[in-house]
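A.B. asks: To be precise about what I am sending: the file is called entry31.tsv and holds TSV, C-alpha atoms.
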```tsv
chain	number	residue	atom	x	y	z
A	109	MET	CA	-9.96	-29.60	74.74
A	110	THR	CA	-7.36	-28.88	77.40
A	111	GLU	CA	-8.53	-29.41	80.99
A	112	ILE	CA	-8.50	-25.91	82.44
A	113	SER	CA	-10.23	-24.48	85.50
A	114	ILE	CA	-11.72	-20.99	85.48
A	115	LEU	CA	-10.57	-18.86	88.40
A	116	ALA	CA	-12.46	-15.65	87.52
A	117	ARG	CA	-15.04	-14.39	85.03
A	118	GLY	CA	-16.38	-11.01	83.97
A	119	LEU	CA	-12.98	-9.41	83.29
A	120	GLY	CA	-12.52	-6.67	80.68
A	121	PHE	CA	-9.95	-8.04	78.21
A	122	PRO	CA	-7.55	-9.38	80.87
A	123	GLU	CA	-3.80	-9.31	80.18
A	124	GLY	CA	-0.43	-9.27	81.94
A	125	PRO	CA	-0.87	-11.92	84.68
A	126	VAL	CA	1.71	-12.00	87.49
A	127	ALA	CA	1.74	-15.04	89.80
A	128	MET	CA	2.17	-14.07	93.47
A	129	ALA	CA	3.50	-16.22	96.31
A	130	ASP	CA	0.11	-16.37	98.08
A	131	GLY	CA	-1.54	-17.91	95.03
A	132	SER	CA	-3.19	-14.71	93.90
A	133	ILE	CA	-2.76	-13.28	90.42
A	134	LEU	CA	-2.24	-9.63	89.60
A	135	LEU	CA	-3.38	-8.70	86.11
A	136	THR	CA	-4.61	-5.85	83.96
A	137	GLU	CA	-7.98	-5.19	82.35
A	138	ILE	CA	-7.43	-3.18	79.18
A	139	ASN	CA	-11.17	-2.67	78.70
A	140	GLY	CA	-11.85	-0.66	81.83
A	141	GLY	CA	-8.31	0.46	82.60
A	142	TRP	CA	-7.87	-1.50	85.81
A	143	ILE	CA	-5.06	-3.16	87.74
A	144	THR	CA	-6.77	-6.17	89.31
A	145	ARG	CA	-6.01	-8.79	91.93
A	146	VAL	CA	-7.65	-12.21	91.63
A	147	GLY	CA	-7.31	-14.16	94.85
A	148	ALA	CA	-6.60	-17.88	95.02
A	149	ASP	CA	-10.30	-18.22	95.90
A	150	GLY	CA	-11.32	-16.31	92.76
A	151	LYS	CA	-12.23	-13.05	94.52
A	152	VAL	CA	-11.73	-10.08	92.16
A	153	THR	CA	-10.44	-6.80	93.63
A	154	ARG	CA	-9.77	-3.76	91.46
A	155	LEU	CA	-6.93	-1.56	92.70
A	156	GLY	CA	-6.47	2.20	92.47
A	157	GLN	CA	-8.02	4.39	89.80
A	158	ALA	CA	-8.87	3.15	86.33
A	159	GLY	CA	-7.03	4.77	83.45
A	160	GLY	CA	-5.54	4.33	79.98
A	161	GLY	CA	-4.97	0.86	78.59
A	162	PRO	CA	-2.98	-1.17	81.14
A	163	ASN	CA	-1.37	-4.12	79.36
A	164	GLY	CA	1.81	-5.97	80.44
A	165	LEU	CA	2.76	-6.13	84.11
A	166	ALA	CA	5.93	-7.38	85.83
A	167	ARG	CA	7.45	-7.44	89.30
A	168	ALA	CA	10.43	-5.10	89.81
A	169	PRO	CA	13.52	-5.78	91.98
A	170	ASP	CA	12.10	-3.82	94.94
A	171	GLY	CA	8.74	-5.63	94.88
A	172	GLY	CA	6.84	-2.91	93.06
A	173	LEU	CA	5.25	-3.42	89.67
A	174	ILE	CA	6.11	-1.98	86.28
A	175	LEU	CA	3.23	-1.50	83.86
A	176	CYS	CA	3.12	-1.14	80.08
A	177	ASN	CA	0.17	1.16	79.31
A	178	ASN	CA	-1.01	1.32	75.69
A	179	GLY	CA	-2.72	4.66	76.28
A	180	GLY	CA	-6.26	3.42	75.81
A	181	SER	CA	-8.41	1.85	73.11
A	182	LYS	CA	-12.00	2.34	72.01
A	183	TYR	CA	-14.37	-0.51	72.85
A	184	LEU	CA	-17.77	-0.93	71.26
A	185	PRO	CA	-20.65	-2.65	73.12
A	186	ASP	CA	-20.84	-5.52	70.62
A	187	SER	CA	-17.08	-6.23	70.37
A	188	PHE	CA	-14.54	-7.47	72.90
A	189	MET	CA	-11.64	-6.14	70.76
A	190	GLY	CA	-10.38	-2.57	70.86
A	191	GLN	CA	-11.33	-0.51	67.79
A	192	GLY	CA	-8.32	1.81	67.51
A	193	PRO	CA	-7.15	4.51	69.97
A	194	SER	CA	-9.60	5.85	72.56
A	195	ASP	CA	-10.94	9.37	72.09
A	196	ASP	CA	-8.67	10.69	74.87
A	197	TYR	CA	-5.52	8.85	73.68
A	198	GLU	CA	-2.33	10.99	73.76
A	199	TYR	CA	0.56	8.54	74.08
A	200	GLY	CA	1.52	5.18	75.53
A	201	SER	CA	3.61	4.97	78.67
A	202	VAL	CA	5.53	2.85	81.15
A	203	GLU	CA	4.42	3.33	84.75
A	204	ARG	CA	5.33	2.20	88.23
A	205	VAL	CA	2.45	0.63	90.19
A	206	ASP	CA	2.07	0.07	93.93
A	207	PRO	CA	1.05	-3.61	94.24
A	208	VAL	CA	-1.19	-2.92	97.26
A	209	SER	CA	-2.95	0.34	96.44
A	210	GLY	CA	-2.67	0.29	92.65
A	211	ALA	CA	-1.36	3.88	92.64
A	212	ARG	CA	0.59	4.69	89.45
A	213	HIS	CA	3.60	6.89	88.72
A	214	LEU	CA	4.73	7.80	85.20
A	215	LEU	CA	8.24	6.60	84.27
A	216	TYR	CA	8.43	6.99	80.47
A	217	LYS	CA	6.27	8.36	77.69
A	218	ALA	CA	8.96	8.81	75.01
A	219	ALA	CA	12.19	7.20	73.80
A	220	ASN	CA	14.77	8.06	71.15
A	221	GLY	CA	13.05	11.33	70.37
A	222	HIS	CA	9.54	10.03	69.73
A	223	LYS	CA	6.53	9.28	71.89
A	224	LEU	CA	5.79	5.74	72.97
A	225	SER	CA	2.78	4.53	71.03
A	226	ALA	CA	1.38	1.43	72.77
A	227	PRO	CA	3.77	-0.29	75.23
A	228	ASN	CA	2.61	-3.89	75.51
A	229	ASP	CA	4.74	-6.41	77.43
A	230	LEU	CA	7.93	-6.55	79.50
A	231	VAL	CA	10.46	-8.85	81.17
A	232	PHE	CA	13.20	-8.12	83.72
A	233	ASP	CA	16.74	-9.40	83.36
A	234	ARG	CA	18.88	-10.45	86.35
A	235	HIS	CA	20.67	-7.09	86.30
A	236	GLY	CA	17.48	-5.20	87.18
A	237	GLY	CA	16.70	-3.63	83.82
A	238	PHE	CA	13.78	-4.65	81.64
A	239	TYR	CA	13.03	-5.24	77.98
A	240	PHE	CA	9.66	-4.01	76.78
A	241	THR	CA	7.76	-4.02	73.51
A	242	ASP	CA	5.70	-1.32	71.85
A	243	LEU	CA	2.92	-2.75	69.67
A	244	GLY	CA	2.16	0.50	67.86
A	245	LYS	CA	-1.33	1.96	67.45
A	246	ARG	CA	-3.51	1.06	64.47
A	247	TYR	CA	-5.46	3.81	62.73
A	248	HIS	CA	-7.95	3.66	59.86
A	249	THR	CA	-5.38	4.23	57.10
A	250	SER	CA	-2.03	3.93	58.90
A	251	ARG	CA	-0.25	2.55	61.94
A	252	ASP	CA	2.65	3.48	64.21
A	253	HIS	CA	5.74	1.31	64.06
A	254	GLY	CA	6.36	-1.07	66.93
A	255	GLY	CA	9.72	-1.82	68.53
A	256	LEU	CA	11.80	-3.29	71.35
A	257	TYR	CA	13.21	-1.14	74.18
A	258	TYR	CA	15.41	-1.47	77.27
A	259	ALA	CA	14.81	0.58	80.40
A	260	MET	CA	15.57	0.91	84.10
A	261	PRO	CA	12.74	0.76	86.68
A	262	ASP	CA	13.70	4.02	88.41
A	263	GLY	CA	12.89	6.17	85.39
A	264	SER	CA	16.54	7.03	84.71
A	265	SER	CA	17.09	5.43	81.29
A	266	VAL	CA	15.15	4.14	78.29
A	267	ARG	CA	16.43	3.38	74.81
A	268	GLU	CA	15.18	1.87	71.58
A	269	ILE	CA	17.16	-1.29	70.71
A	270	ALA	CA	15.26	-2.89	67.76
A	271	TYR	CA	13.10	-0.87	65.39
A	272	PRO	CA	10.84	-1.06	63.49
A	273	ILE	CA	8.98	-4.27	64.33
A	274	LEU	CA	5.57	-4.48	62.70
A	275	SER	CA	3.59	-5.37	65.83
A	276	ALA	CA	5.92	-6.28	68.71
A	277	ASN	CA	3.91	-7.98	71.44
A	278	GLY	CA	5.09	-10.73	73.81
A	279	VAL	CA	8.67	-10.63	75.11
A	280	GLY	CA	10.72	-13.10	77.14
A	281	LEU	CA	14.28	-14.13	77.99
A	282	SER	CA	15.99	-17.48	77.52
A	283	PRO	CA	17.12	-19.15	80.79
A	284	ASP	CA	20.75	-18.09	80.19
A	285	GLU	CA	19.61	-14.56	79.23
A	286	ARG	CA	21.62	-14.66	76.02
A	287	THR	CA	18.47	-14.35	73.89
A	288	VAL	CA	15.41	-12.12	74.03
A	289	TYR	CA	12.32	-13.39	72.21
A	290	VAL	CA	9.66	-11.16	70.63
A	291	ALA	CA	6.28	-12.32	69.33
A	292	ASP	CA	5.14	-10.29	66.29
A	293	THR	CA	1.33	-10.21	66.31
A	294	GLU	CA	0.14	-9.64	62.77
A	295	PRO	CA	2.36	-12.13	60.88
A	296	ALA	CA	2.36	-14.56	63.85
A	297	ARG	CA	6.15	-14.79	63.79
A	298	LEU	CA	8.56	-15.42	66.65
A	299	TRP	CA	11.86	-13.50	66.55
A	300	ALA	CA	15.05	-14.06	68.56
A	301	PHE	CA	17.57	-11.32	69.31
A	302	ASP	CA	21.07	-12.22	70.53
A	303	ILE	CA	22.14	-10.27	73.64
A	304	GLU	CA	25.75	-9.06	73.95
A	305	SER	CA	25.24	-7.24	77.26
A	306	PRO	CA	22.19	-5.86	79.10
A	307	GLY	CA	20.16	-3.92	76.58
A	308	VAL	CA	22.73	-4.36	73.80
A	309	LEU	CA	21.86	-6.65	70.89
A	310	ARG	CA	23.98	-8.32	68.23
A	311	LYS	CA	21.97	-7.55	65.10
A	312	GLN	CA	21.49	-9.73	62.05
A	313	PRO	CA	22.20	-8.07	58.69
A	314	PHE	CA	19.74	-7.39	55.87
A	315	PRO	CA	17.27	-8.85	54.97
A	316	SER	CA	16.28	-8.98	58.65
A	317	PRO	CA	13.96	-5.98	59.01
A	318	HIS	CA	15.18	-5.12	62.50
A	319	GLY	CA	18.18	-7.31	63.33
A	320	GLY	CA	16.28	-10.25	64.75
A	321	ARG	CA	16.62	-13.93	63.83
A	322	TYR	CA	13.46	-15.53	62.45
A	323	LEU	CA	12.64	-18.45	64.73
A	324	GLY	CA	9.21	-19.76	63.79
A	325	ALA	CA	5.59	-19.03	62.90
A	326	ALA	CA	2.13	-20.33	63.66
A	327	PRO	CA	0.72	-22.69	61.03
A	328	GLY	CA	-2.27	-21.31	59.15
A	329	PHE	CA	-3.91	-17.98	59.88
A	330	ALA	CA	-3.28	-16.80	63.42
A	331	ARG	CA	-2.01	-13.84	65.44
A	332	PHE	CA	0.55	-13.92	68.26
A	333	ASP	CA	0.09	-12.23	71.62
A	334	SER	CA	2.19	-12.60	74.79
A	335	LEU	CA	4.62	-15.39	75.66
A	336	ALA	CA	6.36	-17.19	78.52
A	337	VAL	CA	9.46	-19.36	78.64
A	338	THR	CA	9.80	-22.72	80.41
A	339	ALA	CA	12.72	-23.82	82.60
A	340	SER	CA	14.01	-25.94	79.71
A	341	GLY	CA	13.96	-22.95	77.38
A	342	ASN	CA	10.85	-23.68	75.33
A	343	VAL	CA	8.84	-20.62	74.25
A	344	CYS	CA	5.07	-20.72	74.84
A	345	VAL	CA	3.19	-18.16	72.73
A	346	ALA	CA	-0.45	-17.27	73.30
A	347	THR	CA	-2.02	-17.57	69.86
A	348	LEU	CA	-5.14	-15.69	68.81
A	349	VAL	CA	-7.77	-16.91	66.33
A	350	THR	CA	-6.70	-20.56	66.63
A	351	GLY	CA	-7.13	-20.38	70.41
A	352	ARG	CA	-3.93	-22.21	71.34
A	353	ILE	CA	-0.69	-21.91	73.23
A	354	THR	CA	1.93	-22.57	70.54
A	355	VAL	CA	5.13	-24.09	71.94
A	356	PHE	CA	8.48	-23.67	70.19
A	357	ALA	CA	11.84	-25.23	70.99
A	358	PRO	CA	14.75	-22.77	71.28
A	359	ASP	CA	15.82	-23.77	67.75
A	360	GLY	CA	12.39	-22.88	66.35
A	361	ARG	CA	10.89	-26.36	66.04
A	362	LEU	CA	7.14	-26.43	66.62
A	363	LEU	CA	6.64	-28.77	69.60
A	364	ASP	CA	2.97	-28.46	70.52
A	365	GLN	CA	-0.25	-26.50	70.13
A	366	VAL	CA	-2.23	-26.64	73.37
A	367	ALA	CA	-5.93	-25.94	72.77
A	368	MET	CA	-7.68	-23.36	74.95
A	369	PRO	CA	-11.44	-22.87	75.53
A	370	ASP	CA	-11.28	-19.42	73.90
A	371	THR	CA	-10.26	-18.09	70.49
A	372	HIS	CA	-8.25	-15.31	72.18
A	373	PRO	CA	-5.89	-16.57	74.88
A	374	THR	CA	-3.59	-13.57	75.30
A	375	ASN	CA	-1.06	-14.32	78.06
A	376	ILE	CA	0.46	-17.20	79.98
A	377	CYS	CA	2.51	-17.09	83.19
A	378	PHE	CA	3.90	-19.77	85.48
A	379	GLY	CA	3.74	-20.06	89.27
A	380	GLY	CA	3.13	-22.43	92.15
A	381	ALA	CA	5.66	-24.32	94.27
A	382	ASP	CA	6.81	-26.45	91.32
A	383	MET	CA	6.26	-23.72	88.66
A	384	ARG	CA	3.85	-25.97	86.78
A	385	THR	CA	0.72	-23.92	87.43
A	386	ALA	CA	0.03	-22.11	84.16
A	387	THR	CA	-2.27	-19.10	84.42
A	388	ILE	CA	-3.81	-18.01	81.11
A	389	THR	CA	-5.85	-14.90	80.31
A	390	LEU	CA	-8.82	-15.88	78.14
A	391	SER	CA	-9.62	-12.45	76.83
A	392	GLY	CA	-12.35	-13.24	74.33
A	393	LEU	CA	-14.46	-14.62	77.16
A	394	GLY	CA	-13.12	-12.26	79.83
A	395	GLU	CA	-11.91	-15.12	82.01
A	396	LEU	CA	-8.80	-16.21	83.91
A	397	GLY	CA	-7.92	-19.89	83.61
A	398	GLN	CA	-5.40	-22.22	85.24
A	399	MET	CA	-4.03	-25.62	84.32
A	400	ARG	CA	-1.14	-27.97	85.07
A	401	TRP	CA	1.62	-27.51	82.49
A	402	PRO	CA	3.63	-30.53	81.27
A	403	GLU	CA	6.93	-28.99	82.45
A	404	PRO	CA	7.98	-26.27	84.91
A	405	GLY	CA	7.98	-22.68	83.76
A	406	LEU	CA	11.04	-20.52	84.11
A	407	ARG	CA	11.01	-18.62	87.40
A	408	LEU	CA	11.18	-14.95	86.50
A	409	ASN	CA	13.75	-12.64	88.02
A	410	PHE	CA	12.35	-11.06	91.22
A	411	GLN	CA	9.31	-13.38	91.18
A	412	GLU	CA	8.11	-14.10	94.71
```
Show this structure as structure tokens.
C.D. replies:
Amino acid sequence: MTEISILARGLGFPEGPVAMADGSILLTEINGGWITRVGADGKVTRLGQAGGGPNGLARAPDGGLILCNNGGSKYLPDSFMGQGPSDDYEYGSVERVDPVSGARHLLYKAANGHKLSAPNDLVFDRHGGFYFTDLGKRYHTSRDHGGLYYAMPDGSSVREIAYPILSANGVGLSPDERTVYVADTEPARLWAFDIESPGVLRKQPFPSPHGGRYLGAAPGFARFDSLAVTASGNVCVATLVTGRITVFAPDGRLLDQVAMPDTHPTNICFGGADMRTATITLSGLGELGQMRWPEPGLRLNFQE
């Protein structure tokens, strides 16, 4: 088993970790609806008012935070996984969050003429816009389509750029920002989309279902969650069921499967002075773990 230290316990399905310069981690708790700060000493502080289903979180150019909110899920006492939309679910949204108070401001709840279903993860490019995924909500006999979107952090513009994607989850950019990667949860597939200009993709023809290039898949039965990219361009995908971080080369070769102490590691982010501190949300156990990664992670745009 990988040597990993536990920074915090008792979290409600943690996701979306953001590494801060002071060593603290900002994250979300989907089960509970919180934006949460975990200090370098492990102290847990919940910010603002709880609400919805806060998921992916990223630092904006002005130092604020942008949040993907899936609108809320129903949690049963004997299950750590959401069981479909919450009773008060109306739509998913993208929100602006004050990193100190946790106060939220709605930016987007619709795009291309339809409501956002369950925004999940996001990444900023160097131009100040961000790519975000919509996972889609699952119902008893149907599900909403997922997709990939591009938006501005001031609420002025959002557009659908790849649709439909069965269950678009993790999203990340290559170091040269010529490729955006999307992890598709249910089939555990990694897709690559070629970028022509900010928010404009060069699509692959049929039989690609959405214009993406198939890059790789997890061996055996698994599900993909969020992802992070290293400085060398490798793509690290949090992999559910098998409890691993699956590492792909930019050409799709499977490089490694790093075992975690949880069947449901959901996110990985990089921080620290040398960018080799990997912070991983262990959502099955409700924990936040940290370990030394074999290579530096890619420093995100606007990361402290």
A.B. asks: Could you list, as a ChimeraX atom specification, every residue within 9 Å of A:Gly192, counting only C-alpha atoms and ignoring same-chain residues fewer than 4 positions away?
C.D. replies: /A:180-183,245-248
A.B. asks: What are the closest atom pairs, with distances in Å to one decimal, for all residues of stretch 201-280 of chain A lying within 12 Å of stretch 162-170 of chain A? Consider all atoms listed in the file, order rows by chain and residue number, and present the result as a tab-separated table.
C.D. replies:
```
residue	atom	partner	partner_atom	distance
A:Ser201	CA	A:Pro162	CA	9.3
A:Val202	CA	A:Pro162	CA	9.4
A:Glu203	CA	A:Pro162	CA	9.4
A:Arg204	CA	A:Ala168	CA	9.0
A:Val205	CA	A:Leu165	CA	9.1
A:Asp206	CA	A:Arg167	CA	10.3
A:Pro207	CA	A:Arg167	CA	8.9
A:Gly210	CA	A:Pro162	CA	11.6
A:Arg212	CA	A:Pro162	CA	10.8
A:Ala226	CA	A:Asn163	CA	9.0
A:Pro227	CA	A:Asn163	CA	7.6
A:Asn228	CA	A:Gly164	CA	5.4
A:Asp229	CA	A:Gly164	CA	4.2
A:Leu230	CA	A:Gly164	CA	6.2
A:Val231	CA	A:Ala166	CA	6.7
A:Phe232	CA	A:Ala168	CA	7.3
A:Asp233	CA	A:Pro169	CA	9.9
A:Arg234	CA	A:Pro169	CA	9.1
A:His235	CA	A:Pro169	CA	9.2
A:Gly236	CA	A:Pro169	CA	6.2
A:Gly237	CA	A:Ala168	CA	8.8
A:Phe238	CA	A:Ala168	CA	8.8
A:Tyr239	CA	A:Ala166	CA	10.8
A:Phe240	CA	A:Gly164	CA	8.9
A:Thr241	CA	A:Gly164	CA	9.3
A:Asp242	CA	A:Gly164	CA	10.5
A:Leu243	CA	A:Asn163	CA	10.7
A:Ala259	CA	A:Ala168	CA	11.8
A:Met260	CA	A:Ala168	CA	9.8
A:Pro261	CA	A:Ala168	CA	7.0
A:Asp262	CA	A:Ala168	CA	9.8
A:Asn277	CA	A:Gly164	CA	9.5
A:Gly278	CA	A:Gly164	CA	8.8
A:Val279	CA	A:Gly164	CA	9.9
A:Gly280	CA	A:Ala166	CA	11.5
```
A.B. asks: In Å, how far is it from atom CA of A:Pro404 to atom CA of A:Thr293?
C.D. replies: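 We find that atom CA of A:Pro404 and atom CA of A:Thr293 lie 25.5 Å from each other.
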A.B. asks: Provide the atom CA of A:Asp130 to atom CA of A:Gly118 distance in Å, to one decimal place.
C.D. replies: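 Distance between the two atoms: 22.4 Å.
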A.B. asks: Might you pull out every residue within 10 Å of A:Val290, with all atoms listed in the file counted and same-chain residues fewer than 4 positions away left off, and present them as an MDAnalysis selection string?
C.D. replies: chainID A and resid 229 240:241 255:256 273 275:281 297:301 320 323 332:335 345
A.B. asks: Would you save the residues from that selection as a compact mmCIF listing (two decimals), in the frame of the given file, using C-alpha atoms?
C.D. replies:
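Writing done, so here's part.txt:
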```txt
# COMPACT_ATOMS: atom_id res chain seq x y z
CA ASP A 229 4.74 -6.41 77.43
CA PHE A 240 9.66 -4.01 76.78
CA THR A 241 7.76 -4.02 73.51
CA GLY A 255 9.72 -1.82 68.53
CA LEU A 256 11.80 -3.29 71.35
CA ILE A 273 8.98 -4.27 64.33
CA SER A 275 3.59 -5.37 65.83
CA ALA A 276 5.92 -6.28 68.71
CA ASN A 277 3.91 -7.98 71.44
CA GLY A 278 5.09 -10.73 73.81
CA VAL A 279 8.67 -10.63 75.11
CA GLY A 280 10.72 -13.10 77.14
CA LEU A 281 14.28 -14.13 77.99
CA ARG A 297 6.15 -14.79 63.79
CA LEU A 298 8.56 -15.42 66.65
CA TRP A 299 11.86 -13.50 66.55
CA ALA A 300 15.05 -14.06 68.56
CA PHE A 301 17.57 -11.32 69.31
CA GLY A 320 16.28 -10.25 64.75
CA LEU A 323 12.64 -18.45 64.73
CA PHE A 332 0.55 -13.92 68.26
CA ASP A 333 0.09 -12.23 71.62
CA SER A 334 2.19 -12.60 74.79
CA LEU A 335 4.62 -15.39 75.66
CA VAL A 345 3.19 -18.16 72.73
```
A.B. asks: Take atom CA of A:His372 and atom CA of A:Ala346 and report the distance between them in Å, one decimal.
C.D. replies: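 Calculated distance between atom CA of A:His372 and atom CA of A:Ala346 is 8.1 Å.
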A.B. asks: Box for stretch 187-199 of chain A: with edges along x, y and z, all listed atoms inside and 6 Å added on each side, what are the centre and edge lengths in Å to one decimal, as AutoDock Vina command-line options?
C.D. replies:
```
--center_x -8.3 --center_y 1.8 --center_z 71.2 --size_x 29.6 --size_y 30.5 --size_z 19.4
```
A.B. asks: Do a neighbour search on A:Phe378 at 10 Å with all atoms listed in the file, toss out local chain neighbours closer than 4 positions, and write the hits as a PyMOL selection string.
C.D. replies: chain A and resi 125-128+336-338+382-388+398-401+404-408
A.B. asks: Mind writing the picked residues with C-alpha atoms as a short mmCIF file (atom, residue, chain, number, x, y, z; two decimals), keeping the file's coordinate frame?
C.D. replies:
```cif
data_model
loop_
_atom_site.label_atom_id
_atom_site.label_comp_id
_atom_site.auth_asym_id
_atom_site.auth_seq_id
_atom_site.Cartn_x
_atom_site.Cartn_y
_atom_site.Cartn_z
CA PRO A 125 -0.87 -11.92 84.68
CA VAL A 126 1.71 -12.00 87.49
CA ALA A 127 1.74 -15.04 89.80
CA MET A 128 2.17 -14.07 93.47
CA ALA A 336 6.36 -17.19 78.52
CA VAL A 337 9.46 -19.36 78.64
CA THR A 338 9.80 -22.72 80.41
CA ASP A 382 6.81 -26.45 91.32
CA MET A 383 6.26 -23.72 88.66
CA ARG A 384 3.85 -25.97 86.78
CA THR A 385 0.72 -23.92 87.43
CA ALA A 386 0.03 -22.11 84.16
CA THR A 387 -2.27 -19.10 84.42
CA ILE A 388 -3.81 -18.01 81.11
CA GLN A 398 -5.40 -22.22 85.24
CA MET A 399 -4.03 -25.62 84.32
CA ARG A 400 -1.14 -27.97 85.07
CA TRP A 401 1.62 -27.51 82.49
CA PRO A 404 7.98 -26.27 84.91
CA GLY A 405 7.98 -22.68 83.76
CA LEU A 406 11.04 -20.52 84.11
CA ARG A 407 11.01 -18.62 87.40
CA LEU A 408 11.18 -14.95 86.50
#
```
A.B. asks: Mind checking which residues fall within 12 Å of A:Gly221, counting all atoms listed in the file, ignoring those fewer than 4 positions away in the same chain, and posting them as a VMD selection string?
C.D. replies: chain A and resid 216 to 217 266 to 268
A.B. asks: Considering all atoms listed in the file, return as a PyMOL selection string whatever protein or nucleic-acid residues lie within 9 Å of A:Gly140, sequence-local ones (same chain, fewer than 6 positions apart) excluded.
C.D. replies: chain A and resi 119-121+158-162
A.B. asks: Take the residues just selected and output them with C-alpha atoms as a PDB file, keeping the file's coordinate frame.
C.D. replies:
```pdb
ATOM      1  CA  LEU A 119     -12.980  -9.410  83.290  1.00  0.00           C
ATOM      2  CA  GLY A 120     -12.520  -6.670  80.680  1.00  0.00           C
ATOM      3  CA  PHE A 121      -9.950  -8.040  78.210  1.00  0.00           C
ATOM      4  CA  ALA A 158      -8.870   3.150  86.330  1.00  0.00           C
ATOM      5  CA  GLY A 159      -7.030   4.770  83.450  1.00  0.00           C
ATOM      6  CA  GLY A 160      -5.540   4.330  79.980  1.00  0.00           C
ATOM      7  CA  GLY A 161      -4.970   0.860  78.590  1.00  0.00           C
ATOM      8  CA  PRO A 162      -2.980  -1.170  81.140  1.00  0.00           C
TER       9      PRO A 162
END
```
A.B. asks: Restricting the calculation to all atoms listed in the file, which member of A:Asn409, A:Ile353, A:Thr347, A:Thr374 is positioned closest to A:Gly124?
C.D. replies: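 That would be A:Thr374, the residue with the smallest distance to A:Gly124.
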A.B. asks: Give the answer as one residue: which of A:Ser340, A:Ser305, A:Ser209, A:Ser194 has the shortest atom-to-atom distance to A:Gly156, using only C-alpha atoms?
C.D. replies: A:Ser209
A.B. asks: Tell me which of A:Arg321, A:Ala291, A:Gly254, A:Asp195 sits closest to A:His222, counting only C-alpha atoms.
C.D. replies: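 Using only C-alpha atoms, the shortest distance to A:His222 belongs to A:Gly254.
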A.B. asks: From the set A:Val343, A:Gly319, A:Tyr289, A:Leu155, which residue has the shortest atom-to-atom contact distance to A:Ile269, counting only C-alpha atoms?
C.D. replies: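 Between A:Val343, A:Gly319, A:Tyr289, A:Leu155, the residue approaching A:Ile269 most closely is A:Gly319.
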A.B. asks: Please determine the residues with any atom at most 6 Å from (12.0, -3.7, 61.5) (coordinates as given in the file, with all atoms listed in the file counting) and report them as a PyMOL selection string.
C.D. replies: chain A and resi 271-273+317-318
A.B. asks: Which residue out of A:Pro402, A:Leu214, A:Ala148, A:Gly324 has the minimum interatomic distance to A:Gly360 when all atoms listed in the file are used?
C.D. replies: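 When distances to A:Gly360 are compared using all atoms listed in the file, the smallest one comes from A:Gly324.
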